[in-house]
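Enquirer: First the structure, which I've put down as structure tokens, then a few questions once you've had a look.
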Amino acid sequence: MSTETTQAAPAGRRSRLSESREREIYQVVERLLREHGYDALTMDEVAAARASKATLYRRWKTKAELVVSMLKALKPPIATEVRAGTLAETLLEQMRFAGRRLHEEAGLMRGLGMAMHQNPELLAAFRDMLLRPELDATRKLLDEARERGELPANGPDAEHLLYMVLGAILGRELFEDEQPDTDFLVEYARTVILPALGLRA
């Protein structure tokens, strides 16, 4: 395991990077991840391409935090990005969005998924910074649907909905050795998720 993930930020006042500067750094991180993978990525390598190491550690305490911040900025959580009318319409559109993203980012996400199994710090950052906000956004989506009368008060909760989605994504690769594409995910939503929620397409 790389020692880069455990280094702490140096003492001193934390300066704020501009939004454009942060985005430049994230783009470098994404490129290096695609080229070398998570374990080979170092803060030194990022610093050499775009910023000083001290600047990086003033903004991000660990490599894991930097990588997950990049994902959050460049690949925003689906539940916070996609809304489309009724709950059923929104869920179908989210599946279309997820299918496109999985197609575009298959290599990157597969590599990070493997890295999480070997890097507890990366897994913890992914859960705290991406999965929990996604869960909160999904919970809000379901609560709003209940207020509109689209869902019963005792219907499935946000955790169960995300388990169904993850099951479709992971299950297809496990059983069929195929990436879940948009058509598969939309059909899964129509035949499994919407009926489980008591909804119609």
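Labeling convention for the structure tokens: chains A, B, ... as they appear, residues from 1 per chain, ligands from 1 in order of appearance.
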Using only C-alpha atoms, tabulate the residues of region 48-96 of chain A lying at most 12 Å from any atom of region 114-131 of chain A, each with its closest atom pair and that distance in Å to one decimal, by chain and increasing residue number, as a tab-separated table.

Expert:
```
residue	atom	partner	partner_atom	distance
A:Trp60	CA	A:Ala125	CA	11.6
A:Lys61	CA	A:Ala125	CA	11.2
A:Thr62	CA	A:Glu121	CA	8.9
A:Lys63	CA	A:Leu122	CA	8.2
A:Ala64	CA	A:Leu122	CA	4.8
A:Glu65	CA	A:Ala125	CA	6.1
A:Leu66	CA	A:Ala125	CA	9.4
A:Val67	CA	A:Leu122	CA	8.3
A:Val68	CA	A:Phe126	CA	6.0
A:Ser69	CA	A:Met129	CA	7.6
A:Met70	CA	A:Met129	CA	10.7
A:Leu71	CA	A:Leu130	CA	8.3
A:Lys72	CA	A:Leu130	CA	6.6
A:Ala73	CA	A:Leu130	CA	10.4
A:Lys75	CA	A:Leu130	CA	10.1
A:Pro76	CA	A:Leu130	CA	8.5
A:Pro77	CA	A:Leu130	CA	6.8
A:Ile78	CA	A:Leu130	CA	10.1
A:Ala79	CA	A:Leu131	CA	10.3
A:Thr80	CA	A:Leu130	CA	10.6
```

Enquirer: Since we have the selection now, will you write its residues out, keeping all heavy atoms, as a compact mmCIF listing (two decimals), in the first residue's frame?

Expert:
```txt
# COMPACT_ATOMS: atom_id res chain seq x y z
N TRP A 60 -6.08 19.03 0.51
CA TRP A 60 -6.52 17.64 0.69
C TRP A 60 -5.55 16.93 1.63
O TRP A 60 -4.35 16.90 1.39
CB TRP A 60 -6.56 16.91 -0.65
CG TRP A 60 -7.49 17.55 -1.63
CD1 TRP A 60 -8.85 17.43 -1.70
CD2 TRP A 60 -7.14 18.46 -2.69
NE1 TRP A 60 -9.36 18.18 -2.72
CE2 TRP A 60 -8.33 18.82 -3.35
CE3 TRP A 60 -5.92 18.98 -3.14
CZ2 TRP A 60 -8.35 19.69 -4.44
CZ3 TRP A 60 -5.94 19.85 -4.22
CH2 TRP A 60 -7.13 20.20 -4.86
N LYS A 61 -6.09 16.33 2.68
CA LYS A 61 -5.22 15.76 3.70
C LYS A 61 -4.54 14.47 3.25
O LYS A 61 -3.46 14.13 3.74
CB LYS A 61 -6.02 15.50 4.97
CG LYS A 61 -6.54 16.77 5.63
CD LYS A 61 -7.35 16.44 6.87
CE LYS A 61 -7.90 17.72 7.51
NZ LYS A 61 -8.72 17.43 8.71
N THR A 62 -5.18 13.72 2.35
CA THR A 62 -4.64 12.44 1.92
C THR A 62 -4.88 12.25 0.43
O THR A 62 -5.70 12.94 -0.20
CB THR A 62 -5.33 11.26 2.65
OG1 THR A 62 -6.72 11.24 2.28
CG2 THR A 62 -5.19 11.39 4.16
N LYS A 63 -4.18 11.29 -0.14
CA LYS A 63 -4.40 10.94 -1.53
C LYS A 63 -5.83 10.47 -1.74
O LYS A 63 -6.47 10.81 -2.75
CB LYS A 63 -3.41 9.86 -1.96
CG LYS A 63 -3.57 9.43 -3.41
CD LYS A 63 -2.49 8.46 -3.84
CE LYS A 63 -2.76 7.06 -3.35
NZ LYS A 63 -1.84 6.06 -3.98
N ALA A 64 -6.34 9.69 -0.81
CA ALA A 64 -7.72 9.19 -0.93
C ALA A 64 -8.71 10.34 -1.00
O ALA A 64 -9.64 10.33 -1.82
CB ALA A 64 -8.05 8.27 0.24
N GLU A 65 -8.54 11.33 -0.15
CA GLU A 65 -9.45 12.48 -0.15
C GLU A 65 -9.36 13.24 -1.47
O GLU A 65 -10.39 13.68 -2.01
CB GLU A 65 -9.11 13.41 1.01
CG GLU A 65 -10.05 14.59 1.14
CD GLU A 65 -9.71 15.50 2.31
OE1 GLU A 65 -9.31 14.97 3.37
OE2 GLU A 65 -9.83 16.73 2.16
N LEU A 66 -8.16 13.38 -2.01
CA LEU A 66 -7.99 14.07 -3.29
C LEU A 66 -8.71 13.31 -4.41
O LEU A 66 -9.42 13.90 -5.23
CB LEU A 66 -6.50 14.21 -3.61
CG LEU A 66 -6.14 14.72 -5.01
CD1 LEU A 66 -6.76 16.08 -5.27
CD2 LEU A 66 -4.63 14.77 -5.19
N VAL A 67 -8.53 12.00 -4.45
CA VAL A 67 -9.13 11.19 -5.52
C VAL A 67 -10.65 11.23 -5.45
O VAL A 67 -11.34 11.41 -6.46
CB VAL A 67 -8.61 9.75 -5.46
CG1 VAL A 67 -9.43 8.83 -6.35
CG2 VAL A 67 -7.14 9.71 -5.89
N VAL A 68 -11.20 11.07 -4.25
CA VAL A 68 -12.66 11.07 -4.12
C VAL A 68 -13.22 12.47 -4.36
O VAL A 68 -14.31 12.63 -4.92
CB VAL A 68 -13.10 10.51 -2.76
CG1 VAL A 68 -14.61 10.55 -2.62
CG2 VAL A 68 -12.61 9.07 -2.60
N SER A 69 -12.49 13.51 -3.97
CA SER A 69 -12.92 14.88 -4.28
C SER A 69 -12.97 15.08 -5.79
O SER A 69 -13.87 15.77 -6.30
CB SER A 69 -11.95 15.89 -3.66
OG SER A 69 -12.01 15.85 -2.25
N MET A 70 -12.00 14.50 -6.50
CA MET A 70 -12.02 14.57 -7.97
C MET A 70 -13.28 13.92 -8.53
O MET A 70 -13.96 14.48 -9.39
CB MET A 70 -10.77 13.90 -8.53
CG MET A 70 -10.70 13.88 -10.05
SD MET A 70 -11.59 12.51 -10.85
CE MET A 70 -10.64 11.10 -10.28
N LEU A 71 -13.60 12.73 -8.02
CA LEU A 71 -14.80 12.04 -8.49
C LEU A 71 -16.05 12.87 -8.22
O LEU A 71 -16.93 12.97 -9.08
CB LEU A 71 -14.93 10.68 -7.81
CG LEU A 71 -13.95 9.59 -8.23
CD1 LEU A 71 -14.16 8.35 -7.37
CD2 LEU A 71 -14.10 9.25 -9.70
N LYS A 72 -16.12 13.44 -7.04
CA LYS A 72 -17.30 14.22 -6.66
C LYS A 72 -17.45 15.45 -7.53
O LYS A 72 -18.57 15.85 -7.89
CB LYS A 72 -17.20 14.61 -5.19
CG LYS A 72 -18.47 15.22 -4.62
CD LYS A 72 -18.34 15.40 -3.12
CE LYS A 72 -19.62 15.96 -2.52
NZ LYS A 72 -19.53 16.11 -1.06
N ALA A 73 -16.33 16.07 -7.90
CA ALA A 73 -16.37 17.30 -8.70
C ALA A 73 -16.62 17.02 -10.18
O ALA A 73 -17.43 17.70 -10.82
CB ALA A 73 -15.06 18.07 -8.53
N LYS A 75 -17.50 13.87 -11.57
CA LYS A 75 -18.54 12.85 -11.81
C LYS A 75 -19.56 12.94 -10.68
O LYS A 75 -19.64 12.08 -9.81
CB LYS A 75 -17.94 11.43 -11.83
CG LYS A 75 -16.53 11.32 -12.38
CD LYS A 75 -16.48 11.54 -13.87
CE LYS A 75 -15.01 11.43 -14.35
NZ LYS A 75 -14.88 11.80 -15.77
N PRO A 76 -20.37 14.00 -10.64
CA PRO A 76 -21.27 14.23 -9.50
C PRO A 76 -22.22 13.07 -9.27
O PRO A 76 -22.60 12.36 -10.21
CB PRO A 76 -22.04 15.49 -9.92
CG PRO A 76 -21.19 16.15 -10.95
CD PRO A 76 -20.50 15.03 -11.67
N PRO A 77 -22.61 12.83 -8.00
CA PRO A 77 -23.55 11.75 -7.69
C PRO A 77 -24.84 11.88 -8.50
O PRO A 77 -25.37 12.97 -8.67
CB PRO A 77 -23.81 11.93 -6.19
CG PRO A 77 -22.59 12.61 -5.67
CD PRO A 77 -22.15 13.52 -6.79
N ILE A 78 -25.32 10.76 -8.99
CA ILE A 78 -26.48 10.76 -9.89
C ILE A 78 -27.72 11.31 -9.22
O ILE A 78 -28.48 12.09 -9.82
CB ILE A 78 -26.72 9.34 -10.43
CG1 ILE A 78 -25.54 8.93 -11.34
CG2 ILE A 78 -28.04 9.25 -11.19
CD1 ILE A 78 -25.55 7.49 -11.74
N ALA A 79 -27.98 10.91 -7.97
CA ALA A 79 -29.22 11.32 -7.31
C ALA A 79 -29.29 12.82 -7.08
O ALA A 79 -30.37 13.38 -6.96
CB ALA A 79 -29.38 10.58 -5.98
N THR A 80 -28.15 13.48 -7.02
CA THR A 80 -28.14 14.93 -6.83
C THR A 80 -28.18 15.69 -8.15
O THR A 80 -28.44 16.89 -8.18
CB THR A 80 -26.89 15.37 -6.04
OG1 THR A 80 -25.72 15.02 -6.78
CG2 THR A 80 -26.85 14.71 -4.68
```

Enquirer: Which residue, A:Gly37, A:Thr42, A:Ala47, A:Leu166, has the smallest gap to Ile25 (chain A) when you use only C-alpha atoms?

Expert: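 Looking only at the distances to Ile25 (chain A), the closest residue turns out to be A:Ala47.
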
Enquirer: Quote the spacing between CA of Arg100 (chain A) and CA of Thr182 (chain A) in Å to one decimal place.

Expert: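 Between these atoms lies a distance of 6.4 Å.
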
Enquirer: Quick one: pull the distance between CA of Leu17 (chain A) and CA of Val46 (chain A), Å, one decimal.

Expert: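 Atom-to-atom, CA of Leu17 (chain A) to CA of Val46 (chain A), that is 15.1 Å.
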
Enquirer: Find the residues near Arg110 (chain A): any atom within 12 Å, counting only C-alpha atoms, skip ones fewer than 6 places away on the same chain, and give them as a list in words.

Expert: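 In the requested form, the answer reads Leu33, Arg34, Gly37, Tyr38, Leu102, His103, Glu104, Met116, His117, Ile169, Leu170, Glu173 and Gln179 of chain A.
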
Enquirer: Would you save the residues from that selection as a PDB file, in the first residue's frame, using C-alpha atoms?

Expert:
```pdb
ATOM      1  CA  LEU A  33      -5.445   7.468 -12.510  1.00  0.00           C
ATOM      2  CA  ARG A  34      -6.350   6.320 -15.999  1.00  0.00           C
ATOM      3  CA  GLY A  37      -4.031   3.349 -11.401  1.00  0.00           C
ATOM      4  CA  TYR A  38      -4.642   4.346  -7.796  1.00  0.00           C
ATOM      5  CA  LEU A 102     -20.765   3.307 -16.727  1.00  0.00           C
ATOM      6  CA  HIS A 103     -20.035   3.098 -20.443  1.00  0.00           C
ATOM      7  CA  GLU A 104     -17.804   6.174 -20.404  1.00  0.00           C
ATOM      8  CA  MET A 116     -10.968   0.062  -2.510  1.00  0.00           C
ATOM      9  CA  HIS A 117     -10.663  -3.593  -1.554  1.00  0.00           C
ATOM     10  CA  ILE A 169     -24.762  -3.198 -11.678  1.00  0.00           C
ATOM     11  CA  LEU A 170     -22.666  -5.754  -9.830  1.00  0.00           C
ATOM     12  CA  GLU A 173     -20.887  -8.360 -14.368  1.00  0.00           C
ATOM     13  CA  GLN A 179     -21.112  -4.278 -18.316  1.00  0.00           C
TER      14      GLN A 179
END
```

Enquirer: Between CA of Leu142 (chain A) and CA of Pro156 (chain A), what is the distance, to one decimal in Å?

Expert: 9.0 Å
